[in-house]
file final-v3.cif (mmCIF, C-alpha atoms and all ligand atoms)
data_upload
#
loop_
_atom_site.group_PDB
_atom_site.id
_atom_site.type_symbol
_atom_site.label_atom_id
_atom_site.label_comp_id
_atom_site.auth_asym_id
_atom_site.auth_seq_id
_atom_site.Cartn_x
_atom_site.Cartn_y
_atom_site.Cartn_z
ATOM 1 C CA MET A 1 152.617 20.500 238.312
ATOM 2 C CA ARG A 2 150.314 22.968 236.553
ATOM 3 C CA VAL A 3 147.792 20.991 234.537
ATOM 4 C CA LYS A 4 147.159 23.595 231.810
ATOM 5 C CA ASP A 5 148.070 22.108 228.407
ATOM 6 C CA LYS A 6 149.304 18.901 230.065
ATOM 7 C CA LYS A 7 148.263 15.529 228.661
ATOM 8 C CA VAL A 8 146.490 13.657 231.450
ATOM 9 C CA ILE A 9 145.239 10.064 231.371
ATOM 10 C CA VAL A 10 142.408 9.177 233.738
ATOM 11 C CA THR A 11 141.131 5.605 234.167
ATOM 12 C CA GLY A 12 137.505 4.887 235.101
ATOM 13 C CA ALA A 13 136.318 8.330 234.058
ATOM 14 C CA ASN A 14 132.807 7.694 232.730
ATOM 15 C CA ARG A 15 131.192 8.173 236.162
ATOM 16 C CA GLY A 16 131.894 8.866 239.827
ATOM 17 C CA MET A 17 135.128 10.470 240.902
ATOM 18 C CA GLY A 18 136.921 9.864 237.608
ATOM 19 C CA LYS A 19 134.263 11.869 235.766
ATOM 20 C CA ALA A 20 134.657 14.724 238.289
ATOM 21 C CA PHE A 21 138.471 14.626 237.940
ATOM 22 C CA VAL A 22 138.122 14.969 234.164
ATOM 23 C CA GLU A 23 135.691 17.896 234.439
ATOM 24 C CA GLU A 24 137.994 19.721 236.897
ATOM 25 C CA LEU A 25 141.069 19.062 234.732
ATOM 26 C CA LEU A 26 139.295 20.287 231.581
ATOM 27 C CA LYS A 27 138.188 23.442 233.404
ATOM 28 C CA ARG A 28 141.870 24.177 234.082
ATOM 29 C CA GLY A 29 142.964 23.631 230.484
ATOM 30 C CA ALA A 30 144.368 20.086 230.607
ATOM 31 C CA ARG A 31 144.124 17.740 227.598
ATOM 32 C CA VAL A 32 142.475 14.636 228.976
ATOM 33 C CA THR A 33 142.358 11.118 227.590
ATOM 34 C CA MET A 34 140.021 8.748 229.391
ATOM 35 C CA ILE A 35 140.430 4.990 229.669
ATOM 36 C CA ASN A 36 136.913 3.697 230.262
ATOM 37 C CA ARG A 37 135.199 0.339 230.280
ATOM 38 C CA SER A 38 131.805 1.955 229.627
ATOM 39 C CA PRO A 39 131.487 4.939 227.274
ATOM 40 C CA SER A 40 131.156 8.415 228.758
ATOM 41 C CA ASN A 41 129.191 11.257 227.228
ATOM 42 C CA ASN A 42 132.061 13.721 227.727
ATOM 43 C CA LYS A 43 132.603 15.475 224.384
ATOM 44 C CA ASP A 44 135.285 17.866 225.700
ATOM 45 C CA ALA A 45 137.937 15.275 226.485
ATOM 46 C CA ALA A 46 140.737 14.887 223.918
ATOM 47 C CA GLY A 47 140.208 11.144 223.718
ATOM 48 C CA GLU A 48 138.436 8.100 225.081
ATOM 49 C CA ILE A 49 139.803 4.565 224.893
ATOM 50 C CA LEU A 50 137.396 1.783 225.701
ATOM 51 C CA THR A 51 138.758 -1.299 227.434
ATOM 52 C CA ASP A 52 138.047 -3.555 230.367
ATOM 53 C CA LEU A 53 141.212 -3.028 232.413
ATOM 54 C CA SER A 54 140.770 -6.317 234.262
ATOM 55 C CA VAL A 55 141.291 -8.294 231.042
ATOM 56 C CA GLU A 56 143.656 -5.987 229.114
ATOM 57 C CA PRO A 57 146.421 -8.444 228.194
ATOM 58 C CA ASN A 58 149.429 -6.280 227.302
ATOM 59 C CA PHE A 59 149.817 -2.755 228.661
ATOM 60 C CA MET A 60 153.010 -2.107 226.688
ATOM 61 C CA GLU A 61 151.154 -2.652 223.390
ATOM 62 C CA PHE A 62 148.107 -0.817 224.744
ATOM 63 C CA VAL A 63 150.146 2.329 225.515
ATOM 64 C CA GLU A 64 151.946 2.222 222.150
ATOM 65 C CA LYS A 65 148.813 1.538 220.093
ATOM 66 C CA ASN A 66 146.889 4.382 221.738
ATOM 67 C CA LYS A 67 149.828 6.820 221.681
ATOM 68 C CA LEU A 68 149.767 7.368 225.438
ATOM 69 C CA ASP A 69 153.546 7.420 225.877
ATOM 70 C CA ASP A 70 153.750 11.235 225.829
ATOM 71 C CA ALA A 71 151.317 11.686 228.751
ATOM 72 C CA ASP A 72 152.469 14.039 231.508
ATOM 73 C CA ILE A 73 150.142 12.702 234.202
ATOM 74 C CA LEU A 74 148.592 9.264 234.756
ATOM 75 C CA ILE A 75 145.692 9.106 237.200
ATOM 76 C CA ASN A 76 145.008 5.512 238.240
ATOM 77 C CA ASN A 77 141.430 5.955 239.397
ATOM 78 C CA ALA A 78 139.359 2.958 238.207
ATOM 79 C CA GLY A 79 138.380 0.692 241.053
ATOM 80 C CA THR A 80 135.818 -1.708 242.436
ATOM 81 C CA LEU A 81 134.740 -2.588 245.946
ATOM 82 C CA VAL A 82 133.869 -5.960 247.419
ATOM 83 C CA GLY A 83 132.648 -5.672 250.996
ATOM 84 C CA GLY A 84 131.143 -7.787 253.753
ATOM 85 C CA LEU A 85 132.462 -10.681 255.831
ATOM 86 C CA LEU A 86 135.413 -12.321 254.098
ATOM 87 C CA GLU A 87 133.860 -15.786 253.952
ATOM 88 C CA GLU A 88 130.802 -14.314 252.220
ATOM 89 C CA GLN A 89 132.696 -12.405 249.518
ATOM 90 C CA ASP A 90 132.631 -13.813 245.973
ATOM 91 C CA PRO A 91 136.169 -15.099 245.209
ATOM 92 C CA LYS A 92 135.907 -14.156 241.508
ATOM 93 C CA LYS A 93 134.993 -10.594 242.442
ATOM 94 C CA ILE A 94 137.870 -10.473 244.956
ATOM 95 C CA SER A 95 140.361 -11.475 242.227
ATOM 96 C CA GLN A 96 138.935 -8.919 239.805
ATOM 97 C CA MET A 97 139.125 -6.201 242.467
ATOM 98 C CA ILE A 98 142.759 -7.006 243.292
ATOM 99 C CA LYS A 99 143.495 -6.756 239.582
ATOM 100 C CA VAL A 100 141.725 -3.442 238.912
ATOM 101 C CA ASN A 101 142.620 -1.711 242.200
ATOM 102 C CA LEU A 102 146.231 -2.821 242.551
ATOM 103 C CA GLU A 103 147.691 -4.810 239.662
ATOM 104 C CA VAL A 104 146.476 -2.449 236.910
ATOM 105 C CA PRO A 105 147.916 0.740 238.522
ATOM 106 C CA ILE A 106 151.239 -1.089 239.009
ATOM 107 C CA ARG A 107 151.346 -2.394 235.424
ATOM 108 C CA LEU A 108 150.192 0.876 233.818
ATOM 109 C CA SER A 109 152.727 2.875 235.861
ATOM 110 C CA ARG A 110 155.426 0.382 234.897
ATOM 111 C CA VAL A 111 154.928 0.951 231.164
ATOM 112 C CA MET A 112 154.429 4.732 231.414
ATOM 113 C CA LEU A 113 157.502 5.298 233.586
ATOM 114 C CA PRO A 114 160.335 4.781 231.070
ATOM 115 C CA HIS A 115 158.813 7.519 228.854
ATOM 116 C CA MET A 116 158.452 9.934 231.775
ATOM 117 C CA ILE A 117 161.962 9.165 233.055
ATOM 118 C CA LYS A 118 163.380 9.769 229.565
ATOM 119 C CA ARG A 119 161.722 13.210 229.507
ATOM 120 C CA GLY A 120 162.769 13.930 233.125
ATOM 121 C CA SER A 121 159.234 14.797 234.200
ATOM 122 C CA GLY A 122 155.870 13.237 234.852
ATOM 123 C CA LEU A 123 153.400 12.446 237.588
ATOM 124 C CA ILE A 124 151.656 9.252 238.638
ATOM 125 C CA VAL A 125 148.570 9.712 240.805
ATOM 126 C CA ASN A 126 147.125 6.666 242.560
ATOM 127 C CA ASN A 127 143.607 6.815 243.964
ATOM 128 C CA ALA A 128 143.950 4.892 247.230
ATOM 129 C CA SER A 129 141.617 5.362 250.179
ATOM 130 C CA VAL A 130 141.462 6.141 253.866
ATOM 131 C CA SER A 131 140.594 2.397 254.070
ATOM 132 C CA GLY A 132 144.246 1.764 253.227
ATOM 133 C CA VAL A 133 145.218 2.847 256.746
ATOM 134 C CA MET A 134 141.966 2.450 258.714
ATOM 135 C CA THR A 135 140.973 -0.948 260.084
ATOM 136 C CA PHE A 136 137.375 -1.367 258.924
ATOM 137 C CA PRO A 137 135.765 -4.783 259.462
ATOM 138 C CA CYS A 138 133.870 -5.765 256.266
ATOM 139 C CA ALA A 139 136.538 -4.021 254.164
ATOM 140 C CA THR A 140 139.276 -6.653 254.497
ATOM 141 C CA THR A 141 140.067 -7.329 250.834
ATOM 142 C CA TYR A 142 139.298 -3.805 249.615
ATOM 143 C CA ALA A 143 141.550 -2.373 252.351
ATOM 144 C CA ALA A 144 144.283 -4.799 251.300
ATOM 145 C CA THR A 145 144.209 -3.417 247.740
ATOM 146 C CA LYS A 146 144.261 0.179 248.964
ATOM 147 C CA SER A 147 147.018 -0.280 251.571
ATOM 148 C CA GLY A 148 148.947 -2.067 248.818
ATOM 149 C CA LEU A 149 148.468 0.977 246.595
ATOM 150 C CA VAL A 150 149.631 3.318 249.393
ATOM 151 C CA SER A 151 152.794 1.221 249.956
ATOM 152 C CA PHE A 152 153.421 0.932 246.208
ATOM 153 C CA SER A 153 153.123 4.712 245.797
ATOM 154 C CA ASN A 154 155.382 5.537 248.739
ATOM 155 C CA ALA A 155 158.097 3.085 247.680
ATOM 156 C CA LEU A 156 157.932 4.142 244.010
ATOM 157 C CA ARG A 157 158.261 7.813 245.011
ATOM 158 C CA GLU A 158 161.574 7.007 246.722
ATOM 159 C CA GLU A 159 162.779 5.006 243.721
ATOM 160 C CA LEU A 160 162.112 7.976 241.413
ATOM 161 C CA LEU A 161 163.669 10.709 243.557
ATOM 162 C CA SER A 162 166.459 11.600 241.135
ATOM 163 C CA THR A 163 164.383 11.269 237.942
ATOM 164 C CA GLY A 164 162.049 14.284 237.960
ATOM 165 C CA VAL A 165 159.036 11.925 237.982
ATOM 166 C CA LYS A 166 156.712 12.342 240.973
ATOM 167 C CA VAL A 167 154.180 10.091 242.663
ATOM 168 C CA CYS A 168 151.091 11.315 244.463
ATOM 169 C CA VAL A 169 148.793 9.098 246.529
ATOM 170 C CA LEU A 170 145.190 10.042 247.232
ATOM 171 C CA MET A 171 143.982 9.208 250.743
ATOM 172 C CA THR A 172 140.436 9.513 249.455
ATOM 173 C CA PRO A 173 137.688 9.857 252.095
ATOM 174 C CA GLY A 174 133.998 9.004 251.652
ATOM 175 C CA VAL A 175 132.916 10.506 248.330
ATOM 176 C CA LYS A 176 129.286 10.315 247.220
ATOM 177 C CA THR A 177 129.371 7.977 244.217
ATOM 178 C CA ASP A 178 127.826 4.630 243.247
ATOM 179 C CA MET A 179 130.653 2.907 245.129
ATOM 180 C CA TYR A 180 129.915 4.870 248.295
ATOM 181 C CA ASP A 181 126.229 3.937 248.115
ATOM 182 C CA ALA A 182 127.150 0.259 247.643
ATOM 183 C CA ILE A 183 129.081 0.274 250.941
ATOM 184 C CA TYR A 184 125.767 0.463 252.771
ATOM 185 C CA ASP A 185 124.455 -2.725 251.117
ATOM 186 C CA SER A 186 127.477 -4.871 251.871
ATOM 187 C CA PHE A 187 128.658 -3.430 255.225
ATOM 188 C CA THR A 188 125.535 -2.471 257.170
ATOM 189 C CA PRO A 189 124.295 -5.912 258.143
ATOM 190 C CA HIS A 190 127.398 -6.113 260.355
ATOM 191 C CA LEU A 191 128.794 -2.621 260.756
ATOM 192 C CA ASP A 192 126.995 0.461 262.055
ATOM 193 C CA LEU A 193 127.991 3.095 259.493
ATOM 194 C CA SER A 194 126.361 6.058 261.208
ATOM 195 C CA PHE A 195 129.842 7.581 261.698
ATOM 196 C CA LEU A 196 130.480 7.693 257.927
ATOM 197 C CA THR A 197 130.567 11.055 256.158
ATOM 198 C CA SER A 198 130.935 11.909 252.501
ATOM 199 C CA MET A 199 131.665 14.860 250.247
ATOM 200 C CA SER A 200 130.711 15.402 246.629
ATOM 201 C CA ALA A 201 132.920 14.061 243.838
ATOM 202 C CA GLN A 202 133.251 17.638 242.539
ATOM 203 C CA ALA A 203 134.523 18.950 245.912
ATOM 204 C CA TRP A 204 137.089 16.121 246.159
ATOM 205 C CA ALA A 205 138.172 16.631 242.531
ATOM 206 C CA LYS A 206 138.914 20.282 243.267
ATOM 207 C CA ILE A 207 141.027 19.347 246.325
ATOM 208 C CA VAL A 208 142.865 16.714 244.258
ATOM 209 C CA VAL A 209 143.650 18.959 241.288
ATOM 210 C CA ASP A 210 144.724 21.764 243.677
ATOM 211 C CA GLY A 211 147.038 19.195 245.331
ATOM 212 C CA ILE A 212 148.447 18.077 241.976
ATOM 213 C CA GLU A 213 149.106 21.705 240.996
ATOM 214 C CA SER A 214 150.847 22.466 244.295
ATOM 215 C CA GLY A 215 153.081 19.373 244.059
ATOM 216 C CA SER A 216 151.617 17.363 246.976
ATOM 217 C CA SER A 217 152.878 13.821 247.345
ATOM 218 C CA GLU A 218 149.877 12.790 249.458
ATOM 219 C CA ILE A 219 146.426 14.342 249.256
ATOM 220 C CA ARG A 220 144.172 13.967 252.279
ATOM 221 C CA PRO A 221 140.727 15.259 253.143
ATOM 222 C CA LYS A 222 140.697 18.634 254.869
ATOM 223 C CA GLY A 223 139.258 19.862 258.186
ATOM 224 C CA SER A 224 136.774 17.620 259.991
ATOM 225 C CA GLU A 225 136.863 15.144 257.065
ATOM 226 C CA ASN A 226 140.463 14.406 258.073
ATOM 227 C CA PHE A 227 139.542 13.601 261.692
ATOM 228 C CA GLY A 228 138.913 9.837 261.241
ATOM 229 C CA LEU A 229 142.120 9.341 259.268
ATOM 230 C CA HIS A 230 144.105 11.318 261.845
ATOM 231 C CA LEU A 231 142.572 9.238 264.662
ATOM 232 C CA ALA A 232 143.326 5.934 262.895
ATOM 233 C CA GLN A 233 146.948 6.898 262.250
ATOM 234 C CA LYS A 234 147.798 8.624 265.545
ATOM 235 C CA THR A 235 145.717 6.524 267.970
ATOM 236 C CA PRO A 236 145.225 3.146 266.234
ATOM 237 C CA ASN A 237 144.172 1.303 269.422
ATOM 238 C CA PHE A 238 141.487 3.864 270.171
ATOM 239 C CA PHE A 239 140.270 3.686 266.570
ATOM 240 C CA ARG A 240 140.182 -0.135 266.688
ATOM 241 C CA ARG A 241 138.129 -0.078 269.924
ATOM 242 C CA MET A 242 135.726 2.397 268.328
ATOM 243 C CA MET A 243 135.263 0.120 265.296
ATOM 244 C CA ARG A 244 134.751 -2.931 267.548
ATOM 245 C CA SER A 245 131.865 -1.159 269.251
ATOM 246 C CA LYS A 246 130.192 -0.720 265.840
ATOM 247 C CA PHE A 247 130.730 -4.248 264.530
ATOM 248 C CA SER A 248 128.796 -7.468 265.123
ATOM 249 C CA ARG A 249 128.620 -10.680 263.087
ATOM 250 C CA LYS A 250 124.938 -10.789 262.167
ATOM 251 C CA ASN A 251 123.311 -13.927 260.657
ATOM 252 C CA THR A 252 126.397 -16.101 261.278
HETATM 253 N N1 LIG B 1 133.579 6.596 246.685
HETATM 254 C C1 LIG B 1 134.339 6.533 247.760
HETATM 255 O O1 LIG B 1 133.875 6.822 248.898
HETATM 256 C C2 LIG B 1 135.799 6.145 247.655
HETATM 257 C C3 LIG B 1 136.589 6.315 248.796
HETATM 258 C C4 LIG B 1 137.939 6.020 248.703
HETATM 259 C C5 LIG B 1 138.501 5.608 247.487
HETATM 260 N N2 LIG B 1 137.696 5.443 246.401
HETATM 261 C C6 LIG B 1 138.340 5.031 245.149
HETATM 262 O O2 LIG B 1 138.098 5.998 244.144
HETATM 263 C C7 LIG B 1 138.107 5.389 242.835
HETATM 264 C C8 LIG B 1 136.846 5.802 242.082
HETATM 265 O O3 LIG B 1 135.733 5.326 242.823
HETATM 266 P P1 LIG B 1 134.248 5.854 242.629
HETATM 267 O O4 LIG B 1 133.712 6.071 243.980
HETATM 268 O O5 LIG B 1 134.202 6.915 241.609
HETATM 269 O O6 LIG B 1 133.584 4.493 242.077
HETATM 270 P P2 LIG B 1 132.454 4.248 240.971
HETATM 271 O O7 LIG B 1 131.491 5.364 240.956
HETATM 272 O O8 LIG B 1 131.972 2.874 241.272
HETATM 273 O O9 LIG B 1 133.286 4.271 239.593
HETATM 274 C C9 LIG B 1 134.263 3.287 239.361
HETATM 275 C C10 LIG B 1 134.885 3.550 238.019
HETATM 276 O O10 LIG B 1 135.890 2.529 237.791
HETATM 277 C C11 LIG B 1 135.593 1.907 236.539
HETATM 278 N N3 LIG B 1 136.013 0.509 236.486
HETATM 279 C C12 LIG B 1 135.725 -0.476 237.355
HETATM 280 N N4 LIG B 1 136.204 -1.655 236.906
HETATM 281 C C13 LIG B 1 136.800 -1.399 235.713
HETATM 282 C C14 LIG B 1 137.479 -2.189 234.753
HETATM 283 N N5 LIG B 1 137.601 -3.517 234.903
HETATM 284 N N6 LIG B 1 137.979 -1.600 233.641
HETATM 285 C C15 LIG B 1 137.839 -0.264 233.454
HETATM 286 N N7 LIG B 1 137.192 0.546 234.328
HETATM 287 C C16 LIG B 1 136.688 -0.019 235.429
HETATM 288 C C17 LIG B 1 134.080 2.003 236.416
HETATM 289 O O11 LIG B 1 133.661 1.756 235.075
HETATM 290 P P3 LIG B 1 132.197 1.129 234.745
HETATM 291 O O12 LIG B 1 131.234 2.287 234.738
HETATM 292 O O13 LIG B 1 132.361 0.488 233.424
HETATM 293 O O14 LIG B 1 131.882 0.140 235.835
HETATM 294 C C18 LIG B 1 133.873 3.443 236.880
HETATM 295 O O15 LIG B 1 134.203 4.338 235.862
HETATM 296 C C19 LIG B 1 138.217 3.883 243.089
HETATM 297 O O16 LIG B 1 139.547 3.457 242.935
HETATM 298 C C20 LIG B 1 137.792 3.753 244.556
HETATM 299 O O17 LIG B 1 138.323 2.607 245.159
HETATM 300 C C21 LIG B 1 136.352 5.682 246.454
#

call {"tool": "encode", "arguments": {"input": "final-v3.cif", "output": "structure tokens"}}
result
Amino acid sequence: MRVKDKKVIVTGANRGMGKAFVEELLKRGARVTMINRSPSNNKDAAGEILTDLSVEPNFMEFVEKNKLDDADILINNAGTLVGGLLEEQDPKKISQMIKVNLEVPIRLSRVMLPHMIKRGSGLIVNNASVSGVMTFPCATTYAATKSGLVSFSNALREELLSTGVKVCVLMTPGVKTDMYDAIYDSFTPHLDLSFLTSMSAQAWAKIVVDGIESGSSEIRPKGSENFGLHLAQKTPNFFRRMMRSKFSRKNT
């Protein structure tokens, strides 16, 4: 779907990847409304709605009140990461992550869909992760939210086949943001991350918006960035052995 003149909603767009998505979309002439918890300084977006998505009580009212029902594209981007050994993860943070990473995209899609179906067009983009299909120790709960988002996207796409509404899932690789930097704090006591690579948020945003414009249903990293994902999907036992060689339970 060409994004020029389309109304696009992006969640979590005040920083990181969401901010880069908005800048790329604006460059190509989209009208962007951001749903942010913290204010952004983007003056070019058509709108900014401030809310904490993890406590937003009623998405039906939220969409009506903010006149979001005519949006052409919804990009479910906002997310958090809790990493480290499962028994050391804060249970409150786990619950909040499950909410923001998985429940919110499901509930927002659910209320946007009837409007898109009525118009016979629309696109839902879910920012998942290579973690959704790669078995990383220290990423148990985060991976669960992202594999859930991959499964949700793939099943929803089938359900919408005859409606004109499309679903695109992002198999996002390492992207240099605050979240990426935080991985090192929570994973490295136990996992050797020397294999990890990252690209800039701007480079990934360009790949994503190109993918949206060319009608991709799944957007993956390109070239060597795709190697790890390819390995994990095609040779899962080899990938698992490789991860085992990098993991040890320190301080336990
Ligand atoms: N970076 C990576 O390597 C990577 C790889 C694969 C997938 N991803 C996924 O990509 C997406 C964006 O990640 P990022 O790297 O850009 O992370 P980031 O820099 O940490 O930004 C996260 C964004 O989500 C927002 N957010 C978090 N909790 C929220 C809530 N309760 N309500 C509203 N907004 C909330 C944050 O707002 P505040 O500023 O208010 O906190 C921020 O705008 C996430 O879904 C992440 O899981 C990231």

call {"tool": "residues_around", "arguments": {"input": "final-v3.cif", "residues": "range 100-106 of chain A", "least_positions_apart": "4", "cutoff": "10 Å", "atoms": "all atoms listed in the file", "output": "PyMOL selection string"}}
result
chain A and resi 11+52-56+59+74-81+95-96+110-111+124-128+142+144-150+152-153+156

call {"tool": "closest_residue", "arguments": {"input": "final-v3.cif", "among": "A:Arg15, A:Lys222, A:His115, A:His230", "to": "Asp178 in chain A", "atoms": "all atoms listed in the file"}}
result
A:Arg15

call {"tool": "axis_aligned_box", "arguments": {"input": "final-v3.cif", "around": "ligand LIG 1 (chain B)", "padding_each_side": "8 Å", "output": "AutoDock Vina command-line options"}}
result
--center_x 135.4 --center_y 1.7 --center_z 241.2 --size_x 24.3 --size_y 26.4 --size_z 31.5

call {"tool": "atom_distance", "arguments": {"input": "final-v3.cif", "atom1": "CA of Ile219 in chain A", "atom2": "CA of Val169 in chain A"}}
result
6.4 Å

call {"tool": "resolve_selection", "arguments": {"input": "final-v3.cif", "expression": "the PyMOL selection byres (((chain A and resi 10) around 9) and not hetatm)", "output": "PyMOL selection string"}}
result
chain A and resi 8-9+11-13+18-19+21-22+32-36+73-78

call {"tool": "residues_around", "arguments": {"input": "final-v3.cif", "residues": "Tyr184 in chain A", "least_positions_apart": "3", "cutoff": "12 Å", "atoms": "only C-alpha atoms", "output": "list of chain:residue names"}}
result
A:Leu81, A:Val82, A:Gly83, A:Gly84, A:Cys138, A:Ala139, A:Gly174, A:Lys176, A:Thr177, A:Asp178, A:Met179, A:Tyr180, A:Asp181, A:Phe187, A:Thr188, A:Pro189, A:His190, A:Leu191, A:Asp192, A:Leu193, A:Ser194, A:Leu196

call {"tool": "write_last_selection", "arguments": {"input": "final-v3.cif", "atoms": "C-alpha atoms", "output": "PDB file, in the frame of the given file"}}
result
ATOM      1  CA  LEU A  81     134.740  -2.588 245.946  1.00  0.00           C
ATOM      2  CA  VAL A  82     133.869  -5.960 247.419  1.00  0.00           C
ATOM      3  CA  GLY A  83     132.648  -5.672 250.996  1.00  0.00           C
ATOM      4  CA  GLY A  84     131.143  -7.787 253.753  1.00  0.00           C
ATOM      5  CA  CYS A 138     133.870  -5.765 256.266  1.00  0.00           C
ATOM      6  CA  ALA A 139     136.538  -4.021 254.164  1.00  0.00           C
ATOM      7  CA  GLY A 174     133.998   9.004 251.652  1.00  0.00           C
ATOM      8  CA  LYS A 176     129.286  10.315 247.220  1.00  0.00           C
ATOM      9  CA  THR A 177     129.371   7.977 244.217  1.00  0.00           C
ATOM     10  CA  ASP A 178     127.826   4.630 243.247  1.00  0.00           C
ATOM     11  CA  MET A 179     130.653   2.907 245.129  1.00  0.00           C
ATOM     12  CA  TYR A 180     129.915   4.870 248.295  1.00  0.00           C
ATOM     13  CA  ASP A 181     126.229   3.937 248.115  1.00  0.00           C
ATOM     14  CA  PHE A 187     128.658  -3.430 255.225  1.00  0.00           C
ATOM     15  CA  THR A 188     125.535  -2.471 257.170  1.00  0.00           C
ATOM     16  CA  PRO A 189     124.295  -5.912 258.143  1.00  0.00           C
ATOM     17  CA  HIS A 190     127.398  -6.113 260.355  1.00  0.00           C
ATOM     18  CA  LEU A 191     128.794  -2.621 260.756  1.00  0.00           C
ATOM     19  CA  ASP A 192     126.995   0.461 262.055  1.00  0.00           C
ATOM     20  CA  LEU A 193     127.991   3.095 259.493  1.00  0.00           C
ATOM     21  CA  SER A 194     126.361   6.058 261.208  1.00  0.00           C
ATOM     22  CA  LEU A 196     130.480   7.693 257.927  1.00  0.00           C
TER      23      LEU A 196
END

call {"tool": "closest_residue", "arguments": {"input": "final-v3.cif", "among": "A:Pro221, A:Gly122, A:Gly47, A:Pro236", "to": "Lys206 in chain A", "atoms": "only C-alpha atoms"}}
result
A:Pro221

call {"tool": "atom_distance", "arguments": {"input": "final-v3.cif", "atom1": "atom C12 of ligand LIG 1 (chain B)", "atom2": "CA of Asn66 in chain A"}}
result
19.8 Å

call {"tool": "atom_distance", "arguments": {"input": "final-v3.cif", "atom1": "CA of Ala46 in chain A", "atom2": "CA of Met112 in chain A"}}
result
18.6 Å

call {"tool": "resolve_selection", "arguments": {"input": "final-v3.cif", "expression": "the PyMOL selection byres (((chain A and resi 42) around 9) and not hetatm)", "output": "JSON, numbers by chain"}}
result
{"A": [14, 19, 22, 23, 39, 40, 41, 43, 44, 45, 48]}

call {"tool": "residues_around", "arguments": {"input": "final-v3.cif", "residues": "Lys4 in chain A", "least_positions_apart": "4", "cutoff": "10 Å", "atoms": "only C-alpha atoms", "output": "list in words"}}
result
Val8, Leu25, Leu26, Lys27, Arg28, Gly29, Ala30, Arg31 and Glu213 of chain A

call {"tool": "residues_around", "arguments": {"input": "final-v3.cif", "residues": "Val63 in chain A", "least_positions_apart": "5", "cutoff": "10 Å", "atoms": "only C-alpha atoms", "output": "MDAnalysis selection string"}}
result
chainID A and resid 58 68:71 108 111:112

call {"tool": "residues_near_point", "arguments": {"input": "final-v3.cif", "point": "(131.4, 18.3, 243.6)", "cutoff": "10 Å", "atoms": "all atoms listed in the file", "output": "MDAnalysis selection string"}}
result
chainID A and resid 17 20:21 24 175:176 199:206

call {"tool": "write_last_selection", "arguments": {"input": "final-v3.cif", "atoms": "C-alpha atoms", "output": "CSV table (one decimal), in the coordinates of the input"}}
result
chain,number,residue,atom,x,y,z
A,17,MET,CA,135.1,10.5,240.9
A,20,ALA,CA,134.7,14.7,238.3
A,21,PHE,CA,138.5,14.6,237.9
A,24,GLU,CA,138.0,19.7,236.9
A,175,VAL,CA,132.9,10.5,248.3
A,176,LYS,CA,129.3,10.3,247.2
A,199,MET,CA,131.7,14.9,250.2
A,200,SER,CA,130.7,15.4,246.6
A,201,ALA,CA,132.9,14.1,243.8
A,202,GLN,CA,133.3,17.6,242.5
A,203,ALA,CA,134.5,19.0,245.9
A,204,TRP,CA,137.1,16.1,246.2
A,205,ALA,CA,138.2,16.6,242.5
A,206,LYS,CA,138.9,20.3,243.3

call {"tool": "decode", "arguments": {"input": "final-v3.cif", "residues": "range 61-72 of chain A", "atoms": "N, CA and C atoms", "output": "short mmCIF file (atom, residue, chain, number, x, y, z; two decimals), in the first residue's frame"}}
result
data_model
loop_
_atom_site.label_atom_id
_atom_site.label_comp_id
_atom_site.auth_asym_id
_atom_site.auth_seq_id
_atom_site.Cartn_x
_atom_site.Cartn_y
_atom_site.Cartn_z
N GLU A 61 -13.62 3.08 23.13
CA GLU A 61 -13.84 4.51 23.43
C GLU A 61 -12.64 5.35 23.01
N PHE A 62 -11.45 4.81 23.22
CA PHE A 62 -10.21 5.51 22.90
C PHE A 62 -10.16 5.84 21.39
N VAL A 63 -10.50 4.85 20.56
CA VAL A 63 -10.47 5.04 19.11
C VAL A 63 -11.54 6.04 18.67
N GLU A 64 -12.72 5.93 19.27
CA GLU A 64 -13.82 6.86 18.91
C GLU A 64 -13.47 8.29 19.32
N LYS A 65 -13.06 8.43 20.59
CA LYS A 65 -12.78 9.76 21.15
C LYS A 65 -11.69 10.47 20.35
N ASN A 66 -10.70 9.74 19.90
CA ASN A 66 -9.57 10.36 19.20
C ASN A 66 -9.70 10.31 17.67
N LYS A 67 -10.89 9.91 17.21
CA LYS A 67 -11.19 9.87 15.77
C LYS A 67 -10.13 9.10 14.98
N LEU A 68 -9.85 7.89 15.44
CA LEU A 68 -8.83 7.07 14.78
C LEU A 68 -9.47 6.05 13.83
N ASP A 69 -10.82 6.02 13.79
CA ASP A 69 -11.48 4.94 13.06
C ASP A 69 -11.29 5.00 11.55
N ASP A 70 -10.82 6.14 11.02
CA ASP A 70 -10.61 6.23 9.57
C ASP A 70 -9.15 5.97 9.17
N ALA A 71 -8.35 5.44 10.10
CA ALA A 71 -6.93 5.19 9.79
C ALA A 71 -6.79 4.08 8.75
N ASP A 72 -5.85 4.27 7.83
CA ASP A 72 -5.58 3.26 6.80
C ASP A 72 -4.61 2.20 7.31
#
